[in-house]
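First the structure, in the form of structure tokens, and then the observations on it.
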Amino acid sequence: MELLCQAKGIAKEYYRLTGRPLGITGEVAEFEAARILGLELAAVRQVGFDAVRRVSNDAVVRLQIKRRCFGLDAKPGQRIGAIQLSKEWDAVLLVLLDRDLEAREIWEADREAITAALTKPGSVARNERELWA
């Protein structure tokens, strides 16, 4: 936790000096979701999911963790990373971080709801991009 606080401080100072993000929001969001929700982080570069929630001794829920950092200068059209339906996962968490990289909200949607939203008739480009990414 101490190291994460130091990293957040460096990222904030870097942004203040350069106007550019340092690029650690993904790691911060994963750590904060695990800490707050009692999750186990998956191995680095695990394909399809970032953490697991143990629901019994032999059953887990595999979670993709997406993040969005917002602040005073946040643009309303910000996007999150692609959700790949071809990968193995059970639910998606969206971690909303404030400009100090503190978790403010965490939202969860199960695979069924995400799949329905992504495959719903609408933007062909969006559906093709998400389904085949």
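Each chain in the structure tokens gets a letter, A, B, ..., in the order shown, and its residues are numbered from 1; ligands are numbered from 1 in order too.
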Sorted by chain and rising residue number, list the residues of range 79-128 of chain A at most 6 Å from range 46-51 of chain A (counting only C-alpha atoms), each with its closest atom pair and distance in Å to one decimal, as a Markdown table.
```
| residue | atom | partner | partner_atom | distance |
| --- | --- | --- | --- | --- |
| A:Lys87 | CA | A:Gly48 | CA | 4.8 |
| A:Glu88 | CA | A:Gly48 | CA | 5.1 |
| A:Trp89 | CA | A:Phe49 | CA | 5.7 |
```
Selection file, all heavy atoms, as an mmCIF file, in the first residue's frame:
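Printed below is out.cif as written:
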```
data_model
loop_
_atom_site.group_PDB
_atom_site.id
_atom_site.type_symbol
_atom_site.label_atom_id
_atom_site.label_comp_id
_atom_site.auth_asym_id
_atom_site.auth_seq_id
_atom_site.Cartn_x
_atom_site.Cartn_y
_atom_site.Cartn_z
ATOM 1 N N LYS A 87 -12.685 -14.084 -25.138
ATOM 2 C CA LYS A 87 -11.827 -14.505 -24.019
ATOM 3 C C LYS A 87 -12.669 -15.100 -22.890
ATOM 4 O O LYS A 87 -13.875 -14.915 -22.815
ATOM 5 C CB LYS A 87 -11.025 -13.317 -23.480
ATOM 6 C CG LYS A 87 -10.204 -12.591 -24.520
ATOM 7 C CD LYS A 87 -9.115 -13.458 -25.076
ATOM 8 C CE LYS A 87 -8.250 -12.629 -26.020
ATOM 9 N NZ LYS A 87 -7.664 -13.346 -27.084
ATOM 10 N N GLU A 88 -11.988 -15.805 -21.977
ATOM 11 C CA GLU A 88 -12.649 -16.425 -20.829
ATOM 12 C C GLU A 88 -12.741 -15.433 -19.675
ATOM 13 O O GLU A 88 -11.715 -14.995 -19.153
ATOM 14 C CB GLU A 88 -11.868 -17.670 -20.384
ATOM 15 C CG GLU A 88 -11.822 -18.772 -21.419
ATOM 16 C CD GLU A 88 -13.187 -19.383 -21.679
ATOM 17 O OE1 GLU A 88 -13.968 -19.542 -20.721
ATOM 18 O OE2 GLU A 88 -13.478 -19.691 -22.851
ATOM 19 N N TRP A 89 -13.959 -15.059 -19.285
ATOM 20 C CA TRP A 89 -14.208 -14.187 -18.147
ATOM 21 C C TRP A 89 -15.697 -14.311 -17.786
ATOM 22 O O TRP A 89 -16.500 -14.770 -18.590
ATOM 23 C CB TRP A 89 -13.839 -12.735 -18.436
ATOM 24 C CG TRP A 89 -14.444 -12.170 -19.680
ATOM 25 C CD1 TRP A 89 -13.950 -12.269 -20.948
ATOM 26 C CD2 TRP A 89 -15.687 -11.471 -19.793
ATOM 27 N NE1 TRP A 89 -14.799 -11.662 -21.828
ATOM 28 C CE2 TRP A 89 -15.877 -11.160 -21.150
ATOM 29 C CE3 TRP A 89 -16.658 -11.062 -18.882
ATOM 30 C CZ2 TRP A 89 -16.987 -10.465 -21.617
ATOM 31 C CZ3 TRP A 89 -17.764 -10.375 -19.347
ATOM 32 C CH2 TRP A 89 -17.923 -10.081 -20.692
#
```
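Here the strand (DSSP E) residues in range 1-84 of chain A, by DSSP on the backbone, are Glu40, Leu41, Ala51, Val52, Arg53, Arg54, Val60, Val61, Arg62, Leu63, Gln64, Ile65, Lys66, Arg67, Arg68 and Cys69 of chain A.
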May I have a table of the residues of range 28-73 of chain A lying at most 12 Å from range 98-118 of chain A, giving each one's closest pair of atoms and their distance in Å to one decimal, counting only C-alpha atoms, ordered by chain and ascending residue number, as JSON lines?
```
{"residue": "A:Val28", "atom": "CA", "partner": "A:Leu101", "partner_atom": "CA", "distance": 7.3}
{"residue": "A:Ala29", "atom": "CA", "partner": "A:Ala103", "partner_atom": "CA", "distance": 7.2}
{"residue": "A:Glu30", "atom": "CA", "partner": "A:Ala103", "partner_atom": "CA", "distance": 10.2}
{"residue": "A:Phe31", "atom": "CA", "partner": "A:Ala103", "partner_atom": "CA", "distance": 10.0}
{"residue": "A:Glu32", "atom": "CA", "partner": "A:Ala103", "partner_atom": "CA", "distance": 6.6}
{"residue": "A:Ala33", "atom": "CA", "partner": "A:Ile106", "partner_atom": "CA", "distance": 7.5}
{"residue": "A:Ala34", "atom": "CA", "partner": "A:Ile106", "partner_atom": "CA", "distance": 11.0}
{"residue": "A:Arg35", "atom": "CA", "partner": "A:Ala103", "partner_atom": "CA", "distance": 10.5}
{"residue": "A:Ile36", "atom": "CA", "partner": "A:Ala103", "partner_atom": "CA", "distance": 9.0}
{"residue": "A:Leu37", "atom": "CA", "partner": "A:Ile106", "partner_atom": "CA", "distance": 9.3}
{"residue": "A:Phe49", "atom": "CA", "partner": "A:Arg111", "partner_atom": "CA", "distance": 12.0}
{"residue": "A:Val61", "atom": "CA", "partner": "A:Asp110", "partner_atom": "CA", "distance": 9.8}
{"residue": "A:Arg62", "atom": "CA", "partner": "A:Arg111", "partner_atom": "CA", "distance": 10.1}
{"residue": "A:Leu63", "atom": "CA", "partner": "A:Asp110", "partner_atom": "CA", "distance": 9.1}
{"residue": "A:Gln64", "atom": "CA", "partner": "A:Glu108", "partner_atom": "CA", "distance": 9.7}
{"residue": "A:Ile65", "atom": "CA", "partner": "A:Glu108", "partner_atom": "CA", "distance": 9.3}
{"residue": "A:Lys66", "atom": "CA", "partner": "A:Ile106", "partner_atom": "CA", "distance": 9.7}
{"residue": "A:Arg67", "atom": "CA", "partner": "A:Ile106", "partner_atom": "CA", "distance": 9.1}
{"residue": "A:Arg68", "atom": "CA", "partner": "A:Asp98", "partner_atom": "CA", "distance": 8.6}
{"residue": "A:Cys69", "atom": "CA", "partner": "A:Asp98", "partner_atom": "CA", "distance": 5.6}
{"residue": "A:Phe70", "atom": "CA", "partner": "A:Asp98", "partner_atom": "CA", "distance": 5.1}
{"residue": "A:Gly71", "atom": "CA", "partner": "A:Arg99", "partner_atom": "CA", "distance": 4.8}
{"residue": "A:Leu72", "atom": "CA", "partner": "A:Arg99", "partner_atom": "CA", "distance": 7.9}
{"residue": "A:Asp73", "atom": "CA", "partner": "A:Arg99", "partner_atom": "CA", "distance": 9.3}
```
What would the file look like if the residues just selected were written as an mmCIF file, in the first residue's frame with C-alpha atoms?
```
data_model
loop_
_atom_site.group_PDB
_atom_site.id
_atom_site.type_symbol
_atom_site.label_atom_id
_atom_site.label_comp_id
_atom_site.auth_asym_id
_atom_site.auth_seq_id
_atom_site.Cartn_x
_atom_site.Cartn_y
_atom_site.Cartn_z
ATOM 1 C CA VAL A 28 -3.881 1.297 -9.712
ATOM 2 C CA ALA A 29 -7.442 0.286 -10.638
ATOM 3 C CA GLU A 30 -6.630 -3.419 -10.389
ATOM 4 C CA PHE A 31 -4.953 -3.005 -7.007
ATOM 5 C CA GLU A 32 -7.757 -0.833 -5.627
ATOM 6 C CA ALA A 33 -10.473 -3.235 -6.833
ATOM 7 C CA ALA A 34 -8.626 -6.155 -5.242
ATOM 8 C CA ARG A 35 -8.095 -4.264 -1.978
ATOM 9 C CA ILE A 36 -11.624 -2.881 -1.675
ATOM 10 C CA LEU A 37 -13.505 -5.989 -2.845
ATOM 11 C CA PHE A 49 -9.287 -11.657 -16.798
ATOM 12 C CA VAL A 61 -15.677 -15.609 -10.736
ATOM 13 C CA ARG A 62 -13.148 -14.369 -13.316
ATOM 14 C CA LEU A 63 -13.188 -10.581 -13.578
ATOM 15 C CA GLN A 64 -11.946 -8.211 -16.243
ATOM 16 C CA ILE A 65 -11.076 -4.861 -14.674
ATOM 17 C CA LYS A 66 -11.537 -1.717 -16.745
ATOM 18 C CA ARG A 67 -10.835 1.773 -15.515
ATOM 19 C CA ARG A 68 -11.521 5.407 -16.223
ATOM 20 C CA CYS A 69 -9.812 8.307 -14.525
ATOM 21 C CA PHE A 70 -11.864 11.495 -14.320
ATOM 22 C CA GLY A 71 -11.271 14.998 -13.081
ATOM 23 C CA LEU A 72 -11.994 18.611 -13.797
ATOM 24 C CA ASP A 73 -10.783 18.349 -17.401
#
```
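With CA of Ala7 in chain A on one side and CA of Leu22 in chain A on the other, the separation reads 9.7 Å.
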Alpha helix (DSSP H) residues, from DSSP on the backbone, in chain A, as a compact mmCIF listing (two decimals) with all heavy atoms, in the first residue's frame:
```
# COMPACT_ATOMS: atom_id res chain seq x y z
N GLU A 2 1.96 1.20 0.76
CA GLU A 2 2.87 2.35 0.81
C GLU A 2 3.47 2.63 -0.57
O GLU A 2 3.55 3.78 -1.01
CB GLU A 2 3.98 2.10 1.82
CG GLU A 2 4.93 3.26 1.96
CD GLU A 2 6.03 2.98 2.98
OE1 GLU A 2 5.79 2.22 3.93
OE2 GLU A 2 7.13 3.54 2.80
N LEU A 3 3.86 1.57 -1.27
CA LEU A 3 4.43 1.74 -2.60
C LEU A 3 3.39 2.31 -3.57
O LEU A 3 3.71 3.17 -4.39
CB LEU A 3 4.96 0.40 -3.11
CG LEU A 3 5.69 0.41 -4.44
CD1 LEU A 3 6.89 1.35 -4.39
CD2 LEU A 3 6.13 -0.99 -4.80
N LEU A 4 2.15 1.86 -3.46
CA LEU A 4 1.09 2.38 -4.32
C LEU A 4 0.88 3.88 -4.05
O LEU A 4 0.71 4.66 -4.99
CB LEU A 4 -0.22 1.62 -4.10
CG LEU A 4 -1.39 2.07 -4.97
CD1 LEU A 4 -1.11 1.83 -6.44
CD2 LEU A 4 -2.66 1.37 -4.55
N CYS A 5 0.91 4.29 -2.81
CA CYS A 5 0.77 5.72 -2.48
C CYS A 5 1.90 6.53 -3.09
O CYS A 5 1.68 7.62 -3.61
CB CYS A 5 0.73 5.91 -0.96
SG CYS A 5 -0.80 5.35 -0.21
N GLN A 6 3.13 6.00 -3.04
CA GLN A 6 4.26 6.68 -3.65
C GLN A 6 4.08 6.79 -5.17
O GLN A 6 4.34 7.84 -5.76
CB GLN A 6 5.56 5.95 -3.34
CG GLN A 6 5.98 6.04 -1.89
CD GLN A 6 7.20 5.17 -1.60
OE1 GLN A 6 7.82 4.62 -2.49
NE2 GLN A 6 7.52 5.05 -0.33
N ALA A 7 3.62 5.71 -5.80
CA ALA A 7 3.41 5.70 -7.25
C ALA A 7 2.35 6.72 -7.64
O ALA A 7 2.50 7.45 -8.63
CB ALA A 7 3.03 4.31 -7.72
N LYS A 8 1.27 6.79 -6.87
CA LYS A 8 0.22 7.77 -7.14
C LYS A 8 0.77 9.20 -7.05
O LYS A 8 0.47 10.05 -7.87
CB LYS A 8 -0.95 7.62 -6.16
CG LYS A 8 -1.81 6.41 -6.40
CD LYS A 8 -2.91 6.37 -5.34
CE LYS A 8 -3.82 5.20 -5.47
NZ LYS A 8 -4.89 5.23 -4.45
N GLY A 9 1.59 9.44 -6.02
CA GLY A 9 2.18 10.77 -5.86
C GLY A 9 3.07 11.14 -7.04
O GLY A 9 3.01 12.27 -7.55
N ILE A 10 3.87 10.20 -7.49
CA ILE A 10 4.74 10.45 -8.65
C ILE A 10 3.90 10.70 -9.89
O ILE A 10 4.19 11.62 -10.67
CB ILE A 10 5.72 9.28 -8.85
CG1 ILE A 10 6.72 9.24 -7.69
CG2 ILE A 10 6.42 9.37 -10.21
CD1 ILE A 10 7.54 7.97 -7.63
N ALA A 11 2.84 9.92 -10.08
CA ALA A 11 1.98 10.09 -11.25
C ALA A 11 1.30 11.45 -11.23
O ALA A 11 1.19 12.11 -12.28
CB ALA A 11 0.94 8.97 -11.31
N LYS A 12 0.84 11.88 -10.07
CA LYS A 12 0.19 13.20 -9.97
C LYS A 12 1.18 14.32 -10.27
O LYS A 12 0.86 15.27 -10.99
CB LYS A 12 -0.43 13.38 -8.59
CG LYS A 12 -1.67 12.54 -8.37
CD LYS A 12 -2.35 12.84 -7.05
CE LYS A 12 -1.59 12.25 -5.90
NZ LYS A 12 -2.29 12.34 -4.62
N GLU A 13 2.39 14.21 -9.74
CA GLU A 13 3.40 15.24 -9.98
C GLU A 13 3.81 15.25 -11.46
O GLU A 13 3.98 16.31 -12.05
CB GLU A 13 4.62 14.99 -9.09
CG GLU A 13 5.72 16.02 -9.25
CD GLU A 13 5.35 17.41 -8.77
OE1 GLU A 13 4.26 17.60 -8.19
OE2 GLU A 13 6.15 18.34 -8.98
N TYR A 14 3.95 14.09 -12.06
CA TYR A 14 4.30 13.99 -13.47
C TYR A 14 3.23 14.67 -14.32
O TYR A 14 3.55 15.44 -15.24
CB TYR A 14 4.44 12.52 -13.86
CG TYR A 14 4.85 12.29 -15.29
CD1 TYR A 14 6.20 12.34 -15.67
CD2 TYR A 14 3.91 12.02 -16.27
CE1 TYR A 14 6.58 12.12 -16.97
CE2 TYR A 14 4.28 11.81 -17.59
CZ TYR A 14 5.62 11.86 -17.93
OH TYR A 14 5.99 11.65 -19.23
N TYR A 15 1.95 14.41 -14.00
CA TYR A 15 0.86 15.03 -14.75
C TYR A 15 0.88 16.55 -14.56
O TYR A 15 0.68 17.30 -15.51
CB TYR A 15 -0.48 14.45 -14.31
CG TYR A 15 -1.63 14.94 -15.17
CD1 TYR A 15 -1.87 14.36 -16.41
CD2 TYR A 15 -2.44 15.98 -14.76
CE1 TYR A 15 -2.90 14.80 -17.22
CE2 TYR A 15 -3.46 16.44 -15.57
CZ TYR A 15 -3.70 15.85 -16.79
OH TYR A 15 -4.72 16.30 -17.59
N ARG A 16 1.13 17.00 -13.33
CA ARG A 16 1.18 18.44 -13.06
C ARG A 16 2.28 19.11 -13.87
O ARG A 16 2.10 20.19 -14.43
CB ARG A 16 1.40 18.69 -11.57
CG ARG A 16 1.30 20.17 -11.17
CD ARG A 16 1.65 20.38 -9.71
NE ARG A 16 3.05 20.17 -9.42
CZ ARG A 16 4.04 21.01 -9.76
NH1 ARG A 16 3.79 22.10 -10.41
NH2 ARG A 16 5.29 20.73 -9.43
N LEU A 17 3.42 18.46 -13.99
CA LEU A 17 4.56 19.04 -14.69
C LEU A 17 4.45 18.95 -16.21
O LEU A 17 4.91 19.84 -16.92
CB LEU A 17 5.86 18.36 -14.24
CG LEU A 17 6.28 18.63 -12.80
CD1 LEU A 17 7.47 17.75 -12.43
CD2 LEU A 17 6.62 20.10 -12.61
N THR A 18 3.88 17.86 -16.71
CA THR A 18 3.90 17.62 -18.15
C THR A 18 2.53 17.74 -18.82
O THR A 18 2.45 17.86 -20.04
CB THR A 18 4.44 16.21 -18.46
OG1 THR A 18 3.51 15.24 -17.98
CG2 THR A 18 5.82 16.00 -17.85
N THR A 25 -2.76 3.95 -14.48
CA THR A 25 -4.13 3.84 -14.00
C THR A 25 -4.64 2.40 -14.01
O THR A 25 -5.42 2.02 -13.15
CB THR A 25 -5.10 4.74 -14.80
OG1 THR A 25 -5.00 4.40 -16.18
CG2 THR A 25 -4.80 6.20 -14.59
N GLY A 26 -4.21 1.60 -14.98
CA GLY A 26 -4.64 0.20 -15.02
C GLY A 26 -4.20 -0.56 -13.79
O GLY A 26 -4.99 -1.28 -13.15
N GLU A 27 -2.94 -0.41 -13.43
CA GLU A 27 -2.40 -1.11 -12.25
C GLU A 27 -3.05 -0.60 -10.98
O GLU A 27 -3.38 -1.37 -10.07
CB GLU A 27 -0.88 -0.95 -12.18
CG GLU A 27 -0.12 -1.72 -13.24
CD GLU A 27 -0.15 -1.06 -14.61
OE1 GLU A 27 -0.57 0.11 -14.72
OE2 GLU A 27 0.25 -1.72 -15.58
N VAL A 28 -3.24 0.72 -10.90
CA VAL A 28 -3.88 1.30 -9.71
C VAL A 28 -5.30 0.76 -9.58
O VAL A 28 -5.72 0.34 -8.50
CB VAL A 28 -3.88 2.84 -9.77
CG1 VAL A 28 -4.75 3.44 -8.67
CG2 VAL A 28 -2.45 3.37 -9.66
N ALA A 29 -6.06 0.76 -10.67
CA ALA A 29 -7.44 0.29 -10.64
C ALA A 29 -7.52 -1.18 -10.22
O ALA A 29 -8.37 -1.56 -9.41
CB ALA A 29 -8.11 0.48 -11.99
N GLU A 30 -6.63 -2.00 -10.76
CA GLU A 30 -6.63 -3.42 -10.39
C GLU A 30 -6.33 -3.60 -8.90
O GLU A 30 -7.01 -4.35 -8.20
CB GLU A 30 -5.62 -4.19 -11.23
CG GLU A 30 -6.04 -4.35 -12.67
CD GLU A 30 -4.98 -5.03 -13.52
OE1 GLU A 30 -3.99 -5.57 -12.97
OE2 GLU A 30 -5.16 -5.04 -14.75
N PHE A 31 -5.32 -2.90 -8.41
CA PHE A 31 -4.95 -3.01 -7.01
C PHE A 31 -6.09 -2.53 -6.11
O PHE A 31 -6.43 -3.19 -5.12
CB PHE A 31 -3.68 -2.21 -6.71
CG PHE A 31 -3.25 -2.30 -5.28
CD1 PHE A 31 -2.48 -3.36 -4.84
CD2 PHE A 31 -3.66 -1.34 -4.36
CE1 PHE A 31 -2.10 -3.46 -3.51
CE2 PHE A 31 -3.28 -1.44 -3.02
CZ PHE A 31 -2.50 -2.49 -2.60
N GLU A 32 -6.68 -1.38 -6.45
CA GLU A 32 -7.76 -0.83 -5.63
C GLU A 32 -8.98 -1.75 -5.63
O GLU A 32 -9.61 -1.96 -4.58
CB GLU A 32 -8.14 0.57 -6.09
CG GLU A 32 -7.08 1.62 -5.81
CD GLU A 32 -6.89 1.91 -4.32
OE1 GLU A 32 -7.54 1.29 -3.46
OE2 GLU A 32 -6.08 2.79 -4.02
N ALA A 33 -9.34 -2.30 -6.79
CA ALA A 33 -10.47 -3.23 -6.83
C ALA A 33 -10.20 -4.45 -5.96
O ALA A 33 -11.07 -4.90 -5.20
CB ALA A 33 -10.75 -3.66 -8.28
N ALA A 34 -8.98 -4.99 -6.06
CA ALA A 34 -8.63 -6.16 -5.24
C ALA A 34 -8.67 -5.82 -3.76
O ALA A 34 -9.21 -6.58 -2.95
CB ALA A 34 -7.24 -6.66 -5.64
N ARG A 35 -8.13 -4.67 -3.39
CA ARG A 35 -8.10 -4.26 -1.98
C ARG A 35 -9.51 -4.03 -1.44
O ARG A 35 -9.87 -4.55 -0.38
CB ARG A 35 -7.26 -2.99 -1.83
CG ARG A 35 -7.12 -2.49 -0.39
CD ARG A 35 -6.34 -1.20 -0.32
NE ARG A 35 -6.99 -0.08 -0.99
CZ ARG A 35 -7.98 0.64 -0.47
NH1 ARG A 35 -8.44 0.36 0.73
NH2 ARG A 35 -8.50 1.65 -1.13
N ILE A 36 -10.30 -3.27 -2.16
CA ILE A 36 -11.62 -2.88 -1.67
C ILE A 36 -12.59 -4.06 -1.66
O ILE A 36 -13.38 -4.22 -0.72
CB ILE A 36 -12.18 -1.73 -2.53
CG1 ILE A 36 -11.35 -0.46 -2.30
CG2 ILE A 36 -13.66 -1.47 -2.24
CD1 ILE A 36 -11.59 0.64 -3.32
N LEU A 37 -12.53 -4.90 -2.70
CA LEU A 37 -13.50 -5.99 -2.84
C LEU A 37 -12.99 -7.34 -2.37
O LEU A 37 -13.71 -8.33 -2.44
CB LEU A 37 -13.95 -6.10 -4.31
CG LEU A 37 -14.60 -4.84 -4.89
CD1 LEU A 37 -14.88 -5.04 -6.38
CD2 LEU A 37 -15.87 -4.49 -4.13
N ARG A 111 -21.34 -11.29 -17.52
CA ARG A 111 -21.07 -11.56 -18.93
C ARG A 111 -22.34 -11.49 -19.78
O ARG A 111 -22.32 -10.96 -20.89
CB ARG A 111 -20.39 -12.92 -19.09
CG ARG A 111 -19.97 -13.17 -20.52
CD ARG A 111 -19.26 -14.51 -20.69
NE ARG A 111 -18.77 -14.60 -22.04
CZ ARG A 111 -17.50 -14.50 -22.39
NH1 ARG A 111 -16.57 -14.32 -21.48
NH2 ARG A 111 -17.14 -14.57 -23.66
N GLU A 112 -23.43 -12.00 -19.26
CA GLU A 112 -24.69 -11.99 -20.02
C GLU A 112 -25.12 -10.56 -20.36
O GLU A 112 -25.48 -10.26 -21.49
CB GLU A 112 -25.78 -12.70 -19.21
CG GLU A 112 -27.09 -12.83 -19.95
CD GLU A 112 -28.11 -13.60 -19.12
OE1 GLU A 112 -27.75 -14.56 -18.43
OE2 GLU A 112 -29.30 -13.22 -19.20
N ALA A 113 -25.05 -9.67 -19.40
CA ALA A 113 -25.45 -8.28 -19.63
C ALA A 113 -24.49 -7.59 -20.60
O ALA A 113 -24.92 -6.84 -21.49
CB ALA A 113 -25.51 -7.52 -18.31
N ILE A 114 -23.20 -7.83 -20.44
CA ILE A 114 -22.21 -7.22 -21.33
C ILE A 114 -22.39 -7.73 -22.76
O ILE A 114 -22.38 -6.96 -23.72
CB ILE A 114 -20.77 -7.52 -20.84
CG1 ILE A 114 -20.51 -6.87 -19.49
CG2 ILE A 114 -19.74 -7.11 -21.87
CD1 ILE A 114 -20.36 -5.38 -19.50
N THR A 115 -22.56 -9.03 -22.90
CA THR A 115 -22.74 -9.62 -24.24
C THR A 115 -23.98 -9.05 -24.91
O THR A 115 -23.95 -8.69 -26.09
CB THR A 115 -22.83 -11.15 -24.14
OG1 THR A 115 -21.62 -11.64 -23.55
CG2 THR A 115 -23.02 -11.77 -25.51
N ALA A 116 -25.07 -8.93 -24.16
CA ALA A 116 -26.30 -8.37 -24.73
C ALA A 116 -26.08 -6.94 -25.19
O ALA A 116 -26.53 -6.55 -26.28
CB ALA A 116 -27.43 -8.44 -23.70
N ALA A 117 -25.38 -6.15 -24.41
CA ALA A 117 -25.14 -4.75 -24.78
C ALA A 117 -24.23 -4.63 -26.00
O ALA A 117 -24.48 -3.81 -26.88
CB ALA A 117 -24.53 -3.99 -23.59
N LEU A 118 -23.19 -5.46 -26.06
CA LEU A 118 -22.24 -5.35 -27.17
C LEU A 118 -22.78 -5.92 -28.47
O LEU A 118 -22.33 -5.52 -29.55
CB LEU A 118 -20.92 -6.05 -26.81
CG LEU A 118 -20.07 -5.36 -25.76
CD1 LEU A 118 -18.81 -6.17 -25.48
CD2 LEU A 118 -19.72 -3.94 -26.17
N THR A 119 -23.71 -6.86 -28.39
CA THR A 119 -24.23 -7.47 -29.61
C THR A 119 -25.58 -6.90 -30.02
O THR A 119 -26.14 -7.29 -31.04
CB THR A 119 -24.34 -9.00 -29.45
OG1 THR A 119 -25.20 -9.30 -28.33
CG2 THR A 119 -22.97 -9.62 -29.25
N VAL A 124 -22.60 -0.87 -36.38
CA VAL A 124 -21.93 -2.04 -36.93
C VAL A 124 -20.44 -1.98 -36.64
O VAL A 124 -19.83 -2.96 -36.25
CB VAL A 124 -22.19 -2.14 -38.46
CG1 VAL A 124 -21.36 -3.25 -39.08
CG2 VAL A 124 -23.66 -2.37 -38.72
N ALA A 125 -19.86 -0.80 -36.79
CA ALA A 125 -18.42 -0.65 -36.53
C ALA A 125 -18.10 -1.00 -35.09
O ALA A 125 -17.14 -1.70 -34.81
CB ALA A 125 -17.97 0.77 -36.85
N ARG A 126 -18.93 -0.53 -34.15
CA ARG A 126 -18.68 -0.83 -32.74
C ARG A 126 -18.80 -2.31 -32.49
O ARG A 126 -17.95 -2.93 -31.88
CB ARG A 126 -19.64 -0.06 -31.83
CG ARG A 126 -19.34 -0.36 -30.35
CD ARG A 126 -20.46 0.06 -29.43
NE ARG A 126 -21.56 -0.85 -29.58
CZ ARG A 126 -22.84 -0.49 -29.61
NH1 ARG A 126 -23.18 0.76 -29.47
NH2 ARG A 126 -23.79 -1.38 -29.76
N ASN A 127 -19.89 -2.92 -32.98
CA ASN A 127 -20.09 -4.35 -32.74
C ASN A 127 -18.98 -5.18 -33.36
O ASN A 127 -18.46 -6.10 -32.72
CB ASN A 127 -21.45 -4.79 -33.27
CG ASN A 127 -22.60 -4.25 -32.44
OD1 ASN A 127 -22.40 -3.76 -31.35
ND2 ASN A 127 -23.79 -4.32 -32.98
N GLU A 128 -18.58 -4.88 -34.57
CA GLU A 128 -17.50 -5.64 -35.20
C GLU A 128 -16.19 -5.42 -34.47
O GLU A 128 -15.45 -6.36 -34.25
CB GLU A 128 -17.36 -5.25 -36.66
CG GLU A 128 -18.48 -5.79 -37.52
CD GLU A 128 -18.38 -5.38 -38.97
OE1 GLU A 128 -17.40 -4.68 -39.31
OE2 GLU A 128 -19.25 -5.77 -39.75
N ARG A 129 -15.91 -4.20 -34.06
CA ARG A 129 -14.67 -3.91 -33.36
C ARG A 129 -14.61 -4.69 -32.04
O ARG A 129 -13.62 -5.29 -31.71
CB ARG A 129 -14.53 -2.40 -33.11
CG ARG A 129 -13.25 -2.02 -32.40
CD ARG A 129 -13.12 -0.50 -32.23
NE ARG A 129 -14.12 0.02 -31.34
CZ ARG A 129 -15.08 0.88 -31.68
NH1 ARG A 129 -15.17 1.33 -32.91
NH2 ARG A 129 -15.97 1.31 -30.80
N GLU A 130 -15.69 -4.68 -31.29
CA GLU A 130 -15.71 -5.33 -29.98
C GLU A 130 -15.70 -6.85 -30.11
O GLU A 130 -15.03 -7.53 -29.37
CB GLU A 130 -16.94 -4.90 -29.17
CG GLU A 130 -16.96 -3.42 -28.85
CD GLU A 130 -15.79 -2.97 -27.99
OE1 GLU A 130 -15.21 -3.79 -27.27
OE2 GLU A 130 -15.46 -1.78 -28.05
N LEU A 131 -16.46 -7.39 -31.05
CA LEU A 131 -16.57 -8.84 -31.17
C LEU A 131 -15.31 -9.49 -31.70
O LEU A 131 -14.98 -10.60 -31.34
CB LEU A 131 -17.75 -9.20 -32.08
CG LEU A 131 -19.14 -8.94 -31.49
CD1 LEU A 131 -20.20 -9.18 -32.54
CD2 LEU A 131 -19.38 -9.80 -30.27
N TRP A 132 -14.58 -8.80 -32.54
CA TRP A 132 -13.43 -9.42 -33.20
C TRP A 132 -12.10 -8.92 -32.66
O TRP A 132 -11.06 -9.31 -33.15
CB TRP A 132 -13.52 -9.22 -34.70
CG TRP A 132 -14.86 -9.61 -35.23
CD1 TRP A 132 -15.75 -8.78 -35.84
CD2 TRP A 132 -15.49 -10.88 -35.15
NE1 TRP A 132 -16.90 -9.47 -36.15
CE2 TRP A 132 -16.76 -10.76 -35.74
CE3 TRP A 132 -15.11 -12.12 -34.64
CZ2 TRP A 132 -17.65 -11.84 -35.83
CZ3 TRP A 132 -16.01 -13.17 -34.72
CH2 TRP A 132 -17.24 -13.03 -35.31
```
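Take CA of Arg45 in chain A and CA of Gly19 in chain A: the distance between them is 28.5 Å.
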